[in-house]
Structures are given as structure tokens and as C-alpha cells.
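K.L.:
Quick one: the structure is below, questions incoming.
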Number of protein chains: 2
Amino acid sequence: MRRIAILGSTGSIGRSTLSVAEAYPERFQVVALAAGANLDAAFEQACRWRPRLVSVAAENDAEILHSRLKKQHLNQIEVVQGAAGTVRVATHPEVDFVVSAIVGVAGLEATYEAVKAGKTVGLANKECLVAAGELITAEARKQGKPLLPIDSEHNAVHQCLRGGKMEEVERIWLTASGGPFLNTPRSEFAAITVEQALNHPTWRMGKRITIDSATLMNKGFEVIEACRLFHMPPRKVEVIVHPQSTIHSMVEFVDGSILAQFSMTDMRLPILYALTYPERIQSDMRFPVMDLRHLDFSPPDVQKFPCLRLAYEAAEAGGAKTVALNAADEVAVAAFLEGGIRFDEIPRIIEDTLSATNCGGLESIAKVLEADAGARRYAKQRVADLSGNVARSRATSFV
Amino acid sequence: MRRIAILGSTGSIGRSTLSVAEAYPERFQVVALAAGANLDAAFEQACRWRPRLVSVAAENDAEILHSRLKKQHLNQIEVVQGAAGTVRVATHPEVDFVVSAIVGVAGLEATYEAVKAGKTVGLANKECLVAAGELITAEARKQGKPLLPIDSEHNAVHQCLRGGKMEEVERIWLTASGGPFLNTPRSEFAAITVEQALNHPTWRMGKRITIDSATLMNKGFEVIEACRLFHMPPRKVEVIVHPQSTIHSMVEFVDGSILAQFSMTDMRLPILYALTYPERIQSDMRFPVMDLRHLDFSPPDVQKFPCLRLAYEAAEAGGAKTVALNAADEVAVAAFLEGGIRFDEIPRIIEDTLSATNCGGLESIAKVLEADAGARRYAKQRVADLSGNVARSRATSFV
């Protein structure tokens, strides 16, 4: 019986995790849940799963949840709140597996505390590796516990790596769908609208990750995550465009053999893999191998997608540079979505912010958050400068 | 230092093995060689590698080789001959790894003796698993030594299986190029000429294996080999047509994940894998991942290629049936090559021979060879019957 805590239980990964737990009641016990602002969903999950502990974001919500649970005669469920509440969920003594699925730097502290408390962690939060990867992976090594990736690419790499020893790895190949602008000429990038950029060919996702897919920054983050998770230098992590996204990723070994992983595109599969590792258990999520048709591959165009180059540079530098990469990207994408900057100005904001960032080491989560806040301030200032330019250039065009 | 013996040293796999040994002189020592009738090649290999022991087929050749080596002041190399000589090579006390690459049932006895003597065996001989697989794998299990497959499909499966435990395997997917008649309508099969059948789209191989590829019988043999090597029932071994032959094979696990292996199409790679297993060592045989283009897949047409169905039936029955399958196929293919029967009569000969074969267990190599001889006699008789028909039908068409 695996006793699990979920950080971000009402989000997409959180709900998929609960659906996996539902399918295997004899294997998984849900001990603690950290939800966000969705009070109704938190209440429903608490009633259904009867965990020991539930955390919500706001103090007021915690009080409401407590009284609603009391009415259901579920007052044995402890209700906590805020960042401290999330940490209590992550470190609950009866938990042995923590699914880290809170989006953004908000997930950092609790995930780090879970690792420090000796829990096995399934990682779906990008920032844990991009911003604080060096800290978190060092702590996991110290604890002797695996960090199990839940996104499909790194989960695929984790599986392929079983085909050899770490020192026998020549290269990791991350596949990329290529996003909606794979075949758009670079000259048209300045005119890309928010609507075009949000129209991802294969996936329905949140807005930021959709734009990150369109700029290939999402793949850049995955390069950094792979470097940290698997202790690889950036030159050993390559990106290959594969529009069908059938092969989730590949590992090339020193002898010339390559292992590739594929499966149905369903997040429950990497979640199940992480939750049961090192075992595999039966699922009904079968990939229709007989329907395999036409897989395409091509190298990425780094000229057209400078975000990918910037990610490699940040990965090479490490420390505060990858924190700044993530922070500046979040700011730039938000500015693009609000119409403040052009699509092709996203990498410009990021590049400027990276240049202004000192590559210091980050010895605590507090230092990571400080670097993050500094990079955000800088990026916002650059957005303001450019928005002025955009306004000016628009004005000019009216002359 | 791995000390190796090669059974079939002057054949294609034998020469590739020596080329691997040449590339890693610090890792491999060639201790014993079993050549066939190619005396000059045997002499050259003995001079180059200075093994302890060389075996050739004919007694006369052994004498000539001995005196030629003596002239080179290499009389410390012992020269032996015949089946007993091959067994001595396979069981030489200084050898720890035996490459089994003699074509046909001639390789059976020596390979079995190598396994019995506790050697690790790299298998390139098909008959070892198709005809005597139950015996040889049982002996290897008893000895606690791995049988390492050297053909590209099973080598790929061996690599993919590292991604989980044996009891976590849902299915093995063997890829098939589909042969030259993948897109030929079934109605044209009766008129296929020897020249057409020998014109394989991607591979240059021996004549029998080229015809076996055209009938898909070669894939059928590989199904049986996979069943025996990996202890899988036939229903768990599927064939999928993949004309590019880029993916060498795949393993599907119970949780829904599939691992696939690919690499350059060069036999030195599976040989290197087998020789260094469980390690992997650096090679310069890099697959150009960035050149990956358009992989196609489709299910095999068992109506058009009845040999595949016959192989599954023989695999299910086991024992003498798979011996008969191999023997009858060899006879039928030879008859087709000599113009005695039509292309579409190959499966007919095999099916008739299978029907006439009792499915007895085979408790020794001698029994295997006896069943083999019996099936050959039967198949030859059926060929003679059909050839008569062919002659008659040809005569008829002259009326």
C-alpha cells in the first residue's frame, strides 16, 4: 500500500492522480491533499477520499471547509491552510509518496521539504527543476530517494535509461511537437497574434504552457529539467522535432543503441509509472500499435526559436540564470497575452533579463525565490520599455 | 578480458565478431575458432588471431592447415576437424563466451555443448532456438548463464526488456521489413519467379534467408525464437510490418508503456552488445537521429503470407513441430530455387509436413536431428509429388 500526498490535488495532474488511485484501491491510500482556491473541489475530494489532512490556500476557505466537513461528520479530517499547510501535507508522517503538481514557484518550498523529509517525490512541477533543480536533486541524492518525473518526456527518458547504466548514456533525445509555428517562416513571427499562438495543433493546455510550446521555451525548460534530473551536461540533451508526439523521448547509449518510449497520450500513464516504480502494474491504457502510422522527425530551427538557445545557455550557466529564465519567460508571456509586446519580443525580454542576472549559486529555497523576484522585476521593466516602443511604433503607423 | 570462441568464424557473423574483437584488443581475446570449408580464410584468421585451437570441416583440410601453420612457425596452434572439432572449440576450457554462428542444424550440437559447459553463448544460429530451443534454453537456465541473441530483432527485444521485469511484459513486437512482395497482390503469388523473390528491397543475404524473408517465414522463425528465448507464449509475440526496418523491435509492458530499440543496421552492434553484456561500451557506430524520417507501420497479411500462420501453429505445438517447420522450409525453399515448385507452394509443402509430424517432445539433440531428418524426407517426397504436378501442368499448357 503506497500512502500518497498530492500537492495541487484540484489541478489537472492532481485529478489524474486521484483517478489512478481510484482504479487501484488496494494499492494506494490518499493520506493528504493540498488544494488551491477551488473550495468546492477540495470539499468533494475530502469527502470522497477522507484523507488525514487537507490544505487550502486561504485562511477563510479553511474555516468554511472545516465547517462543511463537520456537517458531513468528517471532523476527523484536519484542515490547514497557506504555504505552511502545504508543507504539512508534503511532510505528513504517514505519507511515503508525494505528487508535486502545484504550478509555479509556489510549489517549491513544499516539494523541497518533502524531499528533505525522505519522501519519494513524483515531479510534475516544472519550477522544482528549472529554478531549484540543483538544490532539490542534491537533497534527493542525500536522502537516497528517487525523484520520479511525471511529465511524459522525462518519464519516457526515465524508462529508457533502464536499458543501461548512467555512465553508458551518450545522449538524451527529447521529442518536441514543434508547436503551431513549426512551418511558419521566421519573417512572419513579428505579426503572430495571441489567437494564433494559443491555437496549439495537438494539445489543450493552460495559456502559459501553450505559448511556451509555441516559442519552444517549454522544450527549453525540459532540457534543463533533464540535465538536473539525470545529471547530464546540456550538450548531452538534444531536442528533435516529432510532430506526432508518438515517441515521448529517447536515450542513446555509448554503444550506438537507442531506446525510445511511447504509450497513449494520457497523463495517468506516467503518474501510474511513478507511483508504482520500480514495479509496473496492469493498466487498460493500451497504445494501438497496429495503428502506428508515419512518424516524422526533424531538427529544431534554433534561429526561428531563440528561446531554445537561451535555455541551453541558462542550463550551461546554472544557478540564478535558470531561475531568471523561468521568471522572465512568465513575465514576457503574460505581457504578450495582454498585448503589451509582440510574439518575437518574448525571447528578447528573456535574453535581456538573463544578461542582467549574475550567475550566483543558490543555497536555499529562499535565495531561489529572491532571485526569482529580482528577475521578475527586471523583466517587467523591460516589458514596460518595449510596450512604450510598441505604442510608439503603433502611433507611428497611424501617421 | 573476455575470452571468446567463434563457431562459424569465416561466415558473415564470424567475420563481424572478429572485427569487433579487433576494435577492442584490450577487451577480447580470441581463444578458439571453428571454420568450415574455406581453408584460406581459416588459415588467415589463425595467423592473425593465433588462437589456441582451430577447427575445420574436413580431415584433409585439417592436415593442410596444420602444415601451412607450421611453415609460419605457428605449430602451437592446435588444429582439429569435423563435428567433434567444433565441439572442442565450443567447450575449450579457456573460453568463457561462445558465438554460435554456424548456419543450419550443424551448429546445434556444439552450441548445446557450449551451454552445458557453462559458457555464455551469443546466438546467431536460428536452428538452436527453432529446432532445439526448449533443450538449449532449459540447459542455459540450469547453468544460470544468459543466452544473448545476436540477430537485430531479438537483440532489440533483449534491450527493451531491461525496462521492466519479465512478468511485466504484455507483448513483444517484432518488426518485419515485409519483404519484396509486401504490396504484391496475392493473386500474383503463383507466378513469382526466383529472380523476383531473390530481389530483397533492403538486405543482401544468403539465398535461403532471402526467400524466407519473401514468404515471411523468416519472421515466423523469429516468433518461435522469441518465444523460447524470452519464455513467452506465442500469443504474446506479435509481428508488425515496418518497411524501413529502423525500429528493430519493441516490448510492450502491462502498464501500457512501449520501449523500442533502434541503431545503425550493422551486425557489429548486436555482437558488441552480446559480447559486453551487461555492460555497454563506446562504439563509433552512431545512428543519425537527426536524419530520422518517415517511419511506416502496418499489420502483416497472414492470408497472403501463410508461412507466418504456420510458424505460430508450430510455436503453439512446440517439440517436433518447430523442427519440422524449419526442415520442411529448407527443403521447400531449395526446391523453389531449383524451379521444382512454385513460390506459393512453399507454404503448402510446409503445412503438409507439419500435419504429418507428431508433436513429440525432444529430450536430446540426437532426437532433434532424427526429427529433422524425418521431416526432410517427408518434405522431399511432397516436393517430388508437386514437381510432377508442375511438370504435368506445364505439359498441359503446351497442348
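Within each chain, counting starts at residue 1; across the C-alpha cells, chains are named A, B, ... in the order shown, with ligands numbered 1 upward in that order.
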Within 9 Å of chain A, which residues of chain B show up? Give each one with its shortest atom-to-atom distance in Å (one decimal) and the two atoms involved, counting only C-alpha atoms, rows by chain then rising residue number, as CSV.

P.N.:
residue,atom,partner,partner_atom,distance
B:Ala156,CA,A:Ser257,CA,8.8
B:Gln159,CA,A:Gly163,CA,6.0
B:Cys160,CA,A:Gly163,CA,6.7
B:Leu161,CA,A:Gly163,CA,8.0
B:Arg162,CA,A:Gly163,CA,5.2
B:Gly163,CA,A:Arg162,CA,5.2
B:Gly164,CA,A:Arg280,CA,7.1
B:Lys165,CA,A:Glu279,CA,7.9
B:Glu168,CA,A:Arg280,CA,6.2
B:Glu170,CA,A:Gln282,CA,8.7
B:Trp173,CA,A:Val289,CA,8.8
B:Ile240,CA,A:Met290,CA,7.1
B:Glu252,CA,A:Phe287,CA,8.9
B:Phe253,CA,A:Arg280,CA,7.6
B:Val254,CA,A:Gln282,CA,4.6
B:Asp255,CA,A:Gln282,CA,4.7
B:Gly256,CA,A:Arg286,CA,5.0
B:Ser257,CA,A:Ser263,CA,4.9
B:Ile258,CA,A:Phe262,CA,5.2
B:Leu259,CA,A:Gln261,CA,4.5
B:Ala260,CA,A:Ala260,CA,5.0
B:Gln261,CA,A:Leu259,CA,4.5
B:Phe262,CA,A:Ile258,CA,5.2
B:Ser263,CA,A:Ser257,CA,4.9
B:Met264,CA,A:Gly256,CA,7.4
B:Leu269,CA,A:Asp255,CA,7.3
B:Pro270,CA,A:Ser257,CA,9.0
B:Leu272,CA,A:Asp255,CA,7.9
B:Tyr273,CA,A:Asp255,CA,7.6
B:Pro278,CA,A:Gly164,CA,8.1
B:Glu279,CA,A:Gly164,CA,7.4
B:Arg280,CA,A:Asp255,CA,5.9
B:Ile281,CA,A:Asp255,CA,5.3
B:Gln282,CA,A:Val254,CA,4.6
B:Ser283,CA,A:Asp255,CA,4.7
B:Asp284,CA,A:Gly256,CA,7.2
B:Met285,CA,A:Gly256,CA,5.5
B:Arg286,CA,A:Gly256,CA,4.9
B:Phe287,CA,A:Gly256,CA,6.4
B:Val289,CA,A:Ile240,CA,8.3
B:Met290,CA,A:Pro299,CA,5.9
B:Asp291,CA,A:Ser298,CA,7.1
B:Leu292,CA,A:Phe297,CA,5.6
B:Arg293,CA,A:Asp296,CA,5.4
B:His294,CA,A:Asp296,CA,4.8
B:Leu295,CA,A:Leu295,CA,5.1
B:Asp296,CA,A:His294,CA,4.8
B:Phe297,CA,A:Arg293,CA,5.5
B:Ser298,CA,A:Met290,CA,6.2
B:Pro299,CA,A:Met290,CA,5.8

K.L.:
Give the strand (DSSP E) residues of range 210-260 of chain A, as DSSP finds them on the backbone, and put them as a PyMOL selection string.

P.N.:
chain A and resi 237-241+247-253+258-260

K.L.:
Just the residues within 10 Å of Ala34 in chain B, please, counting only C-alpha atoms, with nothing from its chain fewer than 4 positions along; format it as an MDAnalysis selection string.

P.N.:
chainID B and resid 5:10 14 42 53:57 79:83 85:90 100:102

K.L.:
Include C-alpha atoms and write out the residues we just selected as a PDB file, in the first residue's frame.

P.N.:
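Everything below was put into part34.pdb:
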ATOM      1  CA  ALA B   5      35.300 -18.901 -29.277  1.00  0.00           C
ATOM      2  CA  ILE B   6      33.540 -18.462 -32.609  1.00  0.00           C
ATOM      3  CA  LEU B   7      31.581 -21.270 -34.228  1.00  0.00           C
ATOM      4  CA  GLY B   8      31.418 -20.286 -37.890  1.00  0.00           C
ATOM      5  CA  SER B   9      34.362 -17.874 -37.860  1.00  0.00           C
ATOM      6  CA  THR B  10      34.641 -17.488 -41.648  1.00  0.00           C
ATOM      7  CA  GLY B  14      32.040 -14.773 -37.557  1.00  0.00           C
ATOM      8  CA  ALA B  42      40.723 -20.277 -41.732  1.00  0.00           C
ATOM      9  CA  LEU B  53      42.589 -24.062 -31.296  1.00  0.00           C
ATOM     10  CA  VAL B  54      41.229 -24.034 -34.851  1.00  0.00           C
ATOM     11  CA  SER B  55      38.718 -26.470 -36.274  1.00  0.00           C
ATOM     12  CA  VAL B  56      37.892 -27.048 -39.943  1.00  0.00           C
ATOM     13  CA  ALA B  57      35.283 -29.280 -41.536  1.00  0.00           C
ATOM     14  CA  VAL B  79      44.186 -27.955 -35.487  1.00  0.00           C
ATOM     15  CA  VAL B  80      41.149 -30.227 -35.174  1.00  0.00           C
ATOM     16  CA  GLN B  81      38.323 -31.159 -37.522  1.00  0.00           C
ATOM     17  CA  GLY B  82      34.720 -32.171 -38.031  1.00  0.00           C
ATOM     18  CA  ALA B  83      31.793 -32.080 -35.640  1.00  0.00           C
ATOM     19  CA  GLY B  85      36.434 -30.435 -33.529  1.00  0.00           C
ATOM     20  CA  THR B  86      33.621 -27.859 -33.410  1.00  0.00           C
ATOM     21  CA  VAL B  87      32.558 -29.213 -30.020  1.00  0.00           C
ATOM     22  CA  ARG B  88      36.132 -28.880 -28.758  1.00  0.00           C
ATOM     23  CA  VAL B  89      36.167 -25.236 -29.891  1.00  0.00           C
ATOM     24  CA  ALA B  90      32.798 -24.652 -28.179  1.00  0.00           C
ATOM     25  CA  SER B 100      27.216 -19.575 -32.201  1.00  0.00           C
ATOM     26  CA  ALA B 101      27.121 -18.642 -35.885  1.00  0.00           C
ATOM     27  CA  ILE B 102      27.216 -21.890 -37.839  1.00  0.00           C
TER      28      ILE B 102
END

K.L.:
Please list as JSON, numbers by chain every residue within 10 Å of Tyr312 in chain B, counting only C-alpha atoms and excluding residues in the same chain fewer than 5 positions away.

P.N.:
{"B": [220, 221, 223, 224, 233, 234, 235, 237, 238, 307, 317, 318, 322]}

K.L.:
With 8 Å as the cut-off and only C-alpha atoms counted, what is the closest atom pair between each nearby residue of range 256-321 of chain A and range 103-122 of chain A? Distances in Å to one decimal, ordered by chain and number, as JSON lines.

P.N.:
{"residue": "A:Ile271", "atom": "CA", "partner": "A:Gly122", "partner_atom": "CA", "distance": 7.7}
{"residue": "A:Ala274", "atom": "CA", "partner": "A:Gly122", "partner_atom": "CA", "distance": 6.1}
{"residue": "A:Leu275", "atom": "CA", "partner": "A:Gly122", "partner_atom": "CA", "distance": 7.4}

K.L.:
Please compute the CA of Leu310 in chain A-CA of Lys207 in chain A distance, one decimal, in Å.

P.N.:
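Straight-line distance from CA of Leu310 in chain A to CA of Lys207 in chain A works out to 21.0 Å.
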
K.L.:
What is the CA of Gly361 in chain B-CA of Ala140 in chain B distance in Å, reported with one decimal?

P.N.:
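Between CA of Gly361 in chain B and CA of Ala140 in chain B the gap works out to 18.1 Å.
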
K.L.:
Taking 5 positions as the minimum chain separation for residues in the same chain, which residues sit within 9 Å of range 355-359 of chain B when counting only C-alpha atoms? Answer as a PyMOL selection string.

P.N.:
chain B and resi 317-321+324+350+371+374-375+378

K.L.:
Enumerate as a ChimeraX atom specification all residues of range 271-373 of chain B assigned to alpha helix (DSSP H) by DSSP on the backbone, naming them with the chain letters and numbers the document uses.

P.N.:
/B:271-276,306-317,320-337,346-355,365-373
